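Shown next: coords-v9.cif, containing mmCIF, C-alpha atoms and all ligand atoms.
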data_model
#
loop_
_atom_site.label_atom_id
_atom_site.label_comp_id
_atom_site.auth_asym_id
_atom_site.auth_seq_id
_atom_site.Cartn_x
_atom_site.Cartn_y
_atom_site.Cartn_z
CA MET A 30 110.87 122.46 115.87
CA ALA A 31 113.47 119.67 115.31
CA ARG A 32 113.04 117.40 112.29
CA MET A 33 111.70 113.95 113.25
CA HIS A 34 111.78 111.10 110.77
CA LEU A 35 108.90 109.00 112.14
CA PHE A 36 107.30 106.33 109.93
CA GLU A 37 104.49 107.03 107.46
CA PHE A 38 102.09 104.19 106.67
CA GLU A 39 102.38 105.05 103.00
CA ASP A 40 106.08 104.07 103.02
CA LEU A 41 105.58 100.64 104.57
CA LYS A 42 106.03 97.80 102.07
CA TRP A 43 103.30 95.67 103.70
CA PHE A 44 100.73 98.50 103.67
CA PRO A 45 97.80 97.45 101.44
CA THR A 46 98.09 99.00 97.97
CA SER A 47 94.39 99.84 97.77
CA ILE A 48 94.49 101.83 101.04
CA ARG A 49 97.72 103.59 99.94
CA ASN A 50 96.00 104.48 96.66
CA TYR A 51 92.92 105.88 98.48
CA GLY A 52 95.38 108.17 100.30
CA THR A 53 97.18 109.36 97.15
CA ASP A 54 93.79 109.79 95.39
CA PHE A 55 92.76 112.09 98.27
CA LEU A 56 95.98 114.14 97.92
CA GLN A 57 95.37 114.41 94.19
CA PHE A 58 91.78 115.58 94.73
CA ILE A 59 92.73 118.26 97.28
CA THR A 60 95.76 119.67 95.43
CA ASN A 61 93.81 120.02 92.18
CA LYS A 62 90.64 121.34 93.83
CA PHE A 63 92.56 124.15 95.54
CA ASP A 64 95.00 124.69 92.65
CA PHE A 65 97.63 124.30 95.34
CA TYR A 66 100.73 124.85 93.17
CA LYS A 67 99.48 127.77 91.05
CA GLY A 68 101.93 130.16 92.76
CA VAL A 69 105.02 128.13 91.87
CA ILE A 70 104.30 127.82 88.12
CA PRO A 71 107.00 130.44 87.29
CA ILE A 72 109.59 128.32 89.16
CA LEU A 73 108.55 125.28 87.11
CA GLU A 74 108.72 127.30 83.90
CA GLU A 75 112.26 128.37 84.72
CA GLY A 76 113.23 124.71 85.22
CA ILE A 77 111.57 123.63 81.94
CA LYS A 78 113.43 126.37 80.10
CA GLU A 79 116.73 125.23 81.60
CA ALA A 80 116.04 121.56 80.74
CA GLY A 81 115.55 122.70 77.15
CA ASN A 82 113.62 119.64 75.89
CA ASN A 83 110.00 120.31 76.93
CA GLN A 84 110.04 117.14 79.00
CA ILE A 85 109.21 116.77 82.68
CA ILE A 86 110.08 113.58 84.53
CA ASP A 87 107.90 113.57 87.63
CA LEU A 88 109.29 111.36 90.39
CA ALA A 89 107.24 109.83 93.22
CA SER A 90 104.06 110.81 91.34
CA GLY A 91 101.65 108.86 93.55
CA GLY A 92 98.15 109.35 92.13
CA GLY A 93 99.31 112.23 89.91
CA GLY A 94 99.19 114.86 92.67
CA GLY A 95 98.39 118.39 91.51
CA TRP A 96 99.36 117.78 87.88
CA LYS A 97 95.86 118.17 86.41
CA SER A 98 95.67 121.81 87.43
CA ILE A 99 99.41 122.50 86.98
CA SER A 100 99.34 121.13 83.41
CA LYS A 101 96.44 123.43 82.50
CA HIS A 102 98.51 126.43 83.59
CA LEU A 103 101.62 125.26 81.73
CA LYS A 104 99.93 124.14 78.52
CA ASP A 105 99.08 127.63 77.25
CA LYS A 106 102.70 128.75 77.39
CA GLN A 107 104.34 125.37 76.64
CA PRO A 108 102.16 123.72 73.97
CA HIS A 109 104.71 120.92 73.29
CA LEU A 110 105.25 120.01 76.93
CA LYS A 111 105.31 116.30 77.86
CA ILE A 112 105.02 115.05 81.44
CA LYS A 113 106.12 111.53 82.35
CA LEU A 114 104.76 110.28 85.67
CA THR A 115 106.83 107.74 87.61
CA ASP A 116 106.89 106.13 91.04
CA TYR A 117 108.74 103.48 93.04
CA TYR A 118 105.33 101.85 93.63
CA PRO A 119 103.46 102.95 90.49
CA ASN A 120 99.71 103.36 91.04
CA LEU A 121 98.98 102.17 87.50
CA GLY A 122 95.23 102.78 87.64
CA ALA A 123 95.69 106.42 88.66
CA LEU A 124 98.54 107.01 86.19
CA LYS A 125 96.42 105.59 83.37
CA ARG A 126 93.60 107.94 84.33
CA MET A 127 96.07 110.85 84.17
CA GLN A 128 97.01 109.82 80.63
CA GLU A 129 93.33 109.61 79.70
CA PHE A 130 92.80 113.08 81.21
CA ASP A 131 95.19 114.55 78.62
CA SER A 132 97.02 112.05 76.42
CA GLU A 133 98.84 114.83 74.54
CA ILE A 134 100.74 115.77 77.64
CA PHE A 135 100.77 112.82 80.10
CA ASP A 136 102.56 109.53 79.82
CA TYR A 137 103.81 107.17 82.57
CA GLU A 138 106.37 104.50 83.37
CA THR A 139 104.93 101.11 84.26
CA GLU A 140 108.22 99.96 85.83
CA SER A 141 109.35 101.10 89.27
CA VAL A 142 111.51 104.26 89.15
CA SER A 143 113.56 105.28 92.18
CA ALA A 144 114.10 108.99 92.72
CA LEU A 145 117.54 108.06 94.11
CA ASP A 146 118.76 106.55 90.86
CA VAL A 147 116.73 107.74 87.89
CA PRO A 148 117.25 105.58 84.76
CA GLU A 149 119.36 107.24 82.10
CA HIS A 150 116.69 107.19 79.40
CA LEU A 151 114.46 109.51 81.47
CA LYS A 152 115.76 112.93 80.49
CA GLY A 153 114.14 116.26 81.28
CA LEU A 154 113.31 118.47 84.25
CA ARG A 155 112.95 116.16 87.25
CA THR A 156 110.15 117.19 89.57
CA GLN A 157 109.01 116.02 92.97
CA PHE A 158 105.83 117.17 94.66
CA LEU A 159 104.92 116.46 98.27
CA SER A 160 107.45 113.67 98.55
CA PHE A 161 110.93 114.98 99.44
CA HIS A 162 110.10 114.69 103.16
CA HIS A 163 109.63 110.93 102.70
CA PHE A 164 113.38 110.53 102.33
CA LYS A 165 115.89 110.35 105.19
CA LYS A 166 118.77 112.79 105.01
CA GLU A 167 121.16 110.39 103.22
CA ASP A 168 118.50 109.48 100.63
CA ALA A 169 117.42 113.10 100.16
CA ARG A 170 121.08 113.99 99.55
CA GLN A 171 121.36 111.08 97.08
CA ILE A 172 118.32 112.39 95.11
CA LEU A 173 120.12 115.71 94.64
CA GLN A 174 123.50 114.04 94.00
CA ASN A 175 121.94 111.85 91.31
CA ALA A 176 120.53 114.93 89.57
CA VAL A 177 123.95 116.65 89.71
CA ASP A 178 125.77 113.51 88.48
CA CYS A 179 123.35 113.25 85.54
CA ASP A 180 123.51 117.01 84.79
CA SER A 181 119.76 117.07 85.22
CA PRO A 182 117.71 120.05 86.36
CA ILE A 183 115.47 119.27 89.32
CA ALA A 184 112.56 121.09 90.97
CA ILE A 185 111.25 119.96 94.35
CA PHE A 186 108.07 121.28 95.99
CA GLU A 187 106.56 120.49 99.36
CA GLY A 188 103.03 121.11 100.56
CA GLN A 189 103.74 121.96 104.17
CA VAL A 190 106.20 123.71 106.44
CA ARG A 191 107.54 122.20 109.66
CA ASP A 192 105.78 124.54 112.06
CA PHE A 193 102.93 124.57 114.56
CA PRO A 194 100.21 126.05 112.26
CA HIS A 195 100.79 123.25 109.70
CA LEU A 196 100.77 120.67 112.47
CA LEU A 197 97.40 122.02 113.62
CA LYS A 198 96.03 122.08 110.07
CA ASN A 199 97.02 118.45 109.51
CA PHE A 200 95.54 117.47 112.87
CA PHE A 201 92.12 118.14 111.38
CA SER A 202 92.78 116.44 108.01
CA PRO A 203 90.39 113.50 108.74
CA ILE A 204 87.51 116.00 108.51
CA SER A 205 88.62 116.90 104.97
CA VAL A 206 88.78 113.19 104.09
CA LEU A 207 85.21 112.67 105.34
CA ILE A 208 83.94 115.68 103.38
CA ALA A 209 85.90 115.04 100.15
CA THR A 210 85.47 111.27 99.78
CA PRO A 211 82.09 111.22 97.95
CA PHE A 212 83.58 113.50 95.28
CA ILE A 213 86.78 111.50 94.69
CA THR A 214 86.88 109.50 91.49
CA PRO A 215 86.84 106.70 90.49
CA PHE A 216 83.85 105.64 92.58
CA SER A 217 84.73 102.70 94.80
CA PHE A 218 82.77 100.85 97.50
CA GLY A 219 86.13 100.04 99.14
CA ARG A 220 86.91 103.76 99.47
CA LEU A 221 83.52 104.37 101.16
CA PHE A 222 83.85 101.31 103.39
CA PHE A 223 87.39 102.16 104.58
CA THR A 224 86.42 105.80 105.13
CA TYR A 225 83.01 105.68 106.81
CA ILE A 226 82.50 102.13 108.18
CA LEU A 227 86.05 101.12 109.12
CA PRO A 228 87.78 104.54 109.06
CA ILE A 229 91.29 103.38 108.17
CA VAL A 230 91.73 106.01 105.42
CA PRO A 231 91.03 109.10 107.63
CA LEU A 232 93.27 107.67 110.37
CA PHE A 233 96.15 106.90 108.04
CA VAL A 234 95.86 110.33 106.33
CA TRP A 235 95.81 111.91 109.83
CA TRP A 236 98.97 110.12 110.98
CA ASP A 237 100.87 110.52 107.69
CA GLY A 238 99.85 114.21 107.49
CA ILE A 239 101.22 114.99 110.96
CA VAL A 240 104.40 113.00 110.34
CA SER A 241 104.85 114.74 106.96
CA VAL A 242 104.98 118.10 108.76
CA LEU A 243 107.53 116.78 111.28
CA ARG A 244 109.69 115.34 108.47
CA THR A 245 109.68 118.39 106.18
CA TYR A 246 113.11 119.88 105.51
CA SER A 247 113.55 123.55 106.33
CA VAL A 248 115.19 125.91 103.81
CA LYS A 249 118.34 125.82 105.95
CA GLU A 250 118.38 122.00 105.99
CA MET A 251 117.96 121.86 102.19
CA GLU A 252 120.84 124.32 101.86
CA GLY A 253 122.85 122.06 104.17
CA LEU A 254 122.17 119.03 101.91
CA VAL A 255 123.27 121.00 98.85
CA GLY A 256 126.48 122.03 100.65
CA GLU A 257 127.41 118.33 101.04
CA LEU A 258 127.04 117.44 97.33
CA LYS A 259 130.00 116.65 95.08
CA GLY A 260 129.97 119.00 92.11
CA ASN A 261 127.36 121.37 93.59
CA GLU A 262 129.38 124.33 92.24
CA ARG A 263 128.43 123.30 88.68
CA PHE A 264 124.76 124.01 89.46
CA GLU A 265 122.63 127.07 90.10
CA TRP A 266 120.59 126.55 93.32
CA LYS A 267 117.42 128.40 94.28
CA ILE A 268 115.89 127.39 97.59
CA GLY A 269 113.08 129.13 99.42
CA LYS A 270 109.41 129.26 100.44
CA HIS A 271 106.75 130.63 98.11
CA LYS A 272 103.83 132.21 100.00
CA GLU A 273 100.61 133.15 98.24
CA LYS A 274 96.96 133.27 99.34
CA GLY A 275 97.59 131.43 102.61
CA ILE A 276 99.52 128.59 100.92
CA THR A 277 103.24 128.15 101.62
CA VAL A 278 105.24 125.92 99.28
CA PRO A 279 108.88 125.23 100.18
CA TYR A 280 110.89 124.64 97.00
CA LEU A 281 114.30 123.82 95.60
CA LEU A 282 115.17 124.50 91.97
CA ALA A 283 118.56 123.48 90.56
CA TYR A 284 120.05 123.37 87.07
CA PRO A 285 123.50 123.24 85.50
CA LYS A 286 125.25 126.59 85.18
CA LYS A 287 125.75 127.81 81.64
CA ALA A 288 129.34 127.34 80.40
C1 LIG A 301 102.97 111.53 99.25
S1 LIG A 301 103.13 110.36 98.02
C2 LIG A 301 102.75 111.06 96.51
C3 LIG A 301 103.09 112.44 96.24
C4 LIG A 301 102.54 112.94 94.92
N1 LIG A 301 103.63 113.47 94.14
C5 LIG A 301 101.51 114.01 95.17
O1 LIG A 301 101.79 115.19 94.94
O2 LIG A 301 100.40 113.65 95.61
C6 LIG A 301 104.81 109.98 97.96
C7 LIG A 301 105.16 108.94 96.90
O3 LIG A 301 106.56 108.62 97.00
C8 LIG A 301 106.71 107.33 96.46
N2 LIG A 301 108.06 106.83 96.76
C9 LIG A 301 108.52 106.29 97.92
N3 LIG A 301 109.84 105.97 97.81
C10 LIG A 301 110.22 106.31 96.54
C11 LIG A 301 111.45 106.25 95.81
N4 LIG A 301 112.58 105.75 96.34
N5 LIG A 301 111.47 106.71 94.54
C12 LIG A 301 110.35 107.21 93.97
N6 LIG A 301 109.16 107.28 94.61
C13 LIG A 301 109.10 106.85 95.88
C14 LIG A 301 105.55 106.57 97.06
O4 LIG A 301 105.25 105.40 96.33
C15 LIG A 301 104.42 107.62 97.00
O5 LIG A 301 103.63 107.46 95.85
#
Using structure tokens, write down the structure that the file contains.
Ligand SMILES: C[S@@+](CC[C@H](N)C(=O)[O-])C[C@H]1O[C@@H](n2cnc3c(N)ncnc32)[C@H](O)[C@@H]1O
Amino acid sequence: MARMHLFEFEDLKWFPTSIRNYGTDFLQFITNKFDFYKGVIPILEEGIKEAGNNQIIDLASGGGGGWKSISKHLKDKQPHLKIKLTDYYPNLGALKRMQEFDSEIFDYETESVSALDVPEHLKGLRTQFLSFHHFKKEDARQILQNAVDCDSPIAIFEGQVRDFPHLLKNFFSPISVLIATPFITPFSFGRLFFTYILPIVPLFVWWDGIVSVLRTYSVKEMEGLVGELKGNERFEWKIGKHKEKGITVPYLLAYPKKA
């Protein structure tokens, strides 16, 4: 299946913030409920070890994604770990709730942070969950180039593979939105209204979910991006798909080679 970079509502500047946030809240609920990233914890641990400062800089954090459950797994083995959540359009309400969830570990940037040009003061293992597919080839390459230029380790994880079964799964995502919505916090009449009365949220999750599958980079395409980077030989690159309990997570882990 060829990669198609169609638009996602979530990326449109004019798209109402509250509706975008209902979407990222839904993603956060689902990924934590199903402990979606449990299988890739060892990959994250390898990246944290290579960063060497117990600091994760999460890029394109949205509503916090799967970090509640991931942090529980990491905390036992990495008691001093700090996770800074950032986004180009920071969902401040959700990021604040993440900090309240565990203030020892979570912190967030209030200013916009672009994954393409991460400010110098943000040092640590860069992570990206469920967001690499949002970037066109030149921007995706720039994300990796910026990490290489800054000598920063980076770990990227996706939540879907570009294939027919994932397309089919995402075709039925509005049903999950309808079932999950009453359990998503914080409670909001707007969320209920735009889900059950005027069903904009299920429709936008449906469209963005299908387009996400069509935009997802294959392992070969990620390897191709890496091949085009200046200075790629200074880094160790691990690219693949982790499969466990019916969940497939494509990933890319990169860190500077030891001298
Ligand atoms: C699918 S969402 C959130 C993914 C989230 N990490 C998760 O696991 O639920 C993708 C996010 O990318 C953010 N984004 C878009 N362009 C960006 C950029 N240039 N730099 C950083 N974040 C960006 C959006 O604001 C949005 O929150």
* To do: Let me have all residues with an atom within 7 Å of ligand LIG 301 (chain A), counting all atoms listed in the file, laid out as number ranges by chain.
  => A: 39-40, 53, 56-57, 88-95, 116-119, 142-145, 157-160, 163
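CA of Ile239 (chain A) is positioned 20.2 Å from CA of Pro45 (chain A).
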* Asked: Could you list as a PyMOL selection string every residue that has an atom within 10 Å of (112.4, 132.5, 95.4), using the file's coordinates and counting all atoms listed in the file?
  -> chain A and resi 69+71-72+267-272+279-282
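Distances to Thr156 (chain A) were evaluated for A:Glu187, A:Glu250, A:Asp64, A:Glu262 using only C-alpha atoms, and the minimum falls at A:Glu187.
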* Contact residues around region 223-233 of chain A with only C-alpha atoms at 7 Å, ignoring same-chain residues under 6 positions, as a list in words -> Phe38, Ile48, Gly52, Pro203, Val206 and Leu207 of chain A
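In this model, the gap between CA of Lys113 (chain A) and CA of Asp136 (chain A) comes to 4.8 Å.
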* Give me, please, the distance in Å between CA of Met33 (chain A) and CA of Leu243 (chain A), quoted to one decimal. => 5.4 Å
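With distances taken from (121.3, 122.8, 77.2) and restricted to all atoms listed in the file, the residues inside 10 Å are Lys78, Glu79, Ala80, Gly81, Asn82, Asp180, Ser181, Tyr284, Pro285, Lys286, Lys287 and Ala288 of chain A.
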Kindly compute an axis-aligned box around the listed atoms of region 160-171 of chain A, allowing 5 Å on each side, and express its centre and edge lengths in Å to one decimal as lines of an AutoDock Vina configuration file.
center_x = 114.4
center_y = 112.2
center_z = 101.1
size_x = 23.9
size_y = 15.5
size_z = 18.1
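Shortest separation to Ile183 (chain A) among A:Arg244, A:Lys152, A:Lys101, A:Lys259 occurs at residue A:Lys152, atoms counted being only C-alpha atoms.
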* What's the 10 Å shell around Tyr66 (chain A), counting all atoms listed in the file, without same-chain residues fewer than 4 positions away, as a PyMOL selection string? -> chain A and resi 60-61+70+73+95-96+98-99+102+158+186-188+271+273+276-278
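You can rank A:Ile134, A:Val147, A:Leu35, A:Leu103 by their closest distance to Thr115 (chain A) using all atoms listed in the file, and at the top of that list sits A:Val147.
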* Residue neighbourhood Asn261 (chain A), 12 Å, all atoms listed in the file, exclusion window fewer than 3 positions, as JSON, numbers by chain -> {"A": [170, 173, 174, 175, 176, 177, 178, 180, 252, 253, 254, 255, 256, 257, 258, 264, 265, 266, 283, 284, 285, 286]}
Using C-alpha atoms, can you export the residues from the last selection as an mmCIF file, in the coordinates of the input?
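Here's the written file result.cif:
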data_model
loop_
_atom_site.group_PDB
_atom_site.id
_atom_site.type_symbol
_atom_site.label_atom_id
_atom_site.label_comp_id
_atom_site.auth_asym_id
_atom_site.auth_seq_id
_atom_site.Cartn_x
_atom_site.Cartn_y
_atom_site.Cartn_z
ATOM 1 C CA ARG A 170 121.080 113.990 99.550
ATOM 2 C CA LEU A 173 120.120 115.710 94.640
ATOM 3 C CA GLN A 174 123.500 114.040 94.000
ATOM 4 C CA ASN A 175 121.940 111.850 91.310
ATOM 5 C CA ALA A 176 120.530 114.930 89.570
ATOM 6 C CA VAL A 177 123.950 116.650 89.710
ATOM 7 C CA ASP A 178 125.770 113.510 88.480
ATOM 8 C CA ASP A 180 123.510 117.010 84.790
ATOM 9 C CA GLU A 252 120.840 124.320 101.860
ATOM 10 C CA GLY A 253 122.850 122.060 104.170
ATOM 11 C CA LEU A 254 122.170 119.030 101.910
ATOM 12 C CA VAL A 255 123.270 121.000 98.850
ATOM 13 C CA GLY A 256 126.480 122.030 100.650
ATOM 14 C CA GLU A 257 127.410 118.330 101.040
ATOM 15 C CA LEU A 258 127.040 117.440 97.330
ATOM 16 C CA PHE A 264 124.760 124.010 89.460
ATOM 17 C CA GLU A 265 122.630 127.070 90.100
ATOM 18 C CA TRP A 266 120.590 126.550 93.320
ATOM 19 C CA ALA A 283 118.560 123.480 90.560
ATOM 20 C CA TYR A 284 120.050 123.370 87.070
ATOM 21 C CA PRO A 285 123.500 123.240 85.500
ATOM 22 C CA LYS A 286 125.250 126.590 85.180
#
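Near Gly275 (chain A), within 12 Å and counting all atoms listed in the file, sit Phe63, Phe65, Tyr66, Gly68, Gly188, Gln189, Pro194 and His195 of chain A, not including residues fewer than 5 positions from it in the same chain.
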* **Shortest interatomic distance to His109 (chain A) - which of A:Val242, A:Leu121, A:Ile85, A:Met30, counting all atoms listed in the file** => A:Ile85
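Nearest to Leu41 (chain A) of all the residues A:Val248, A:Lys274, A:Asp237, A:Leu124 is A:Asp237, based on all atoms listed in the file.
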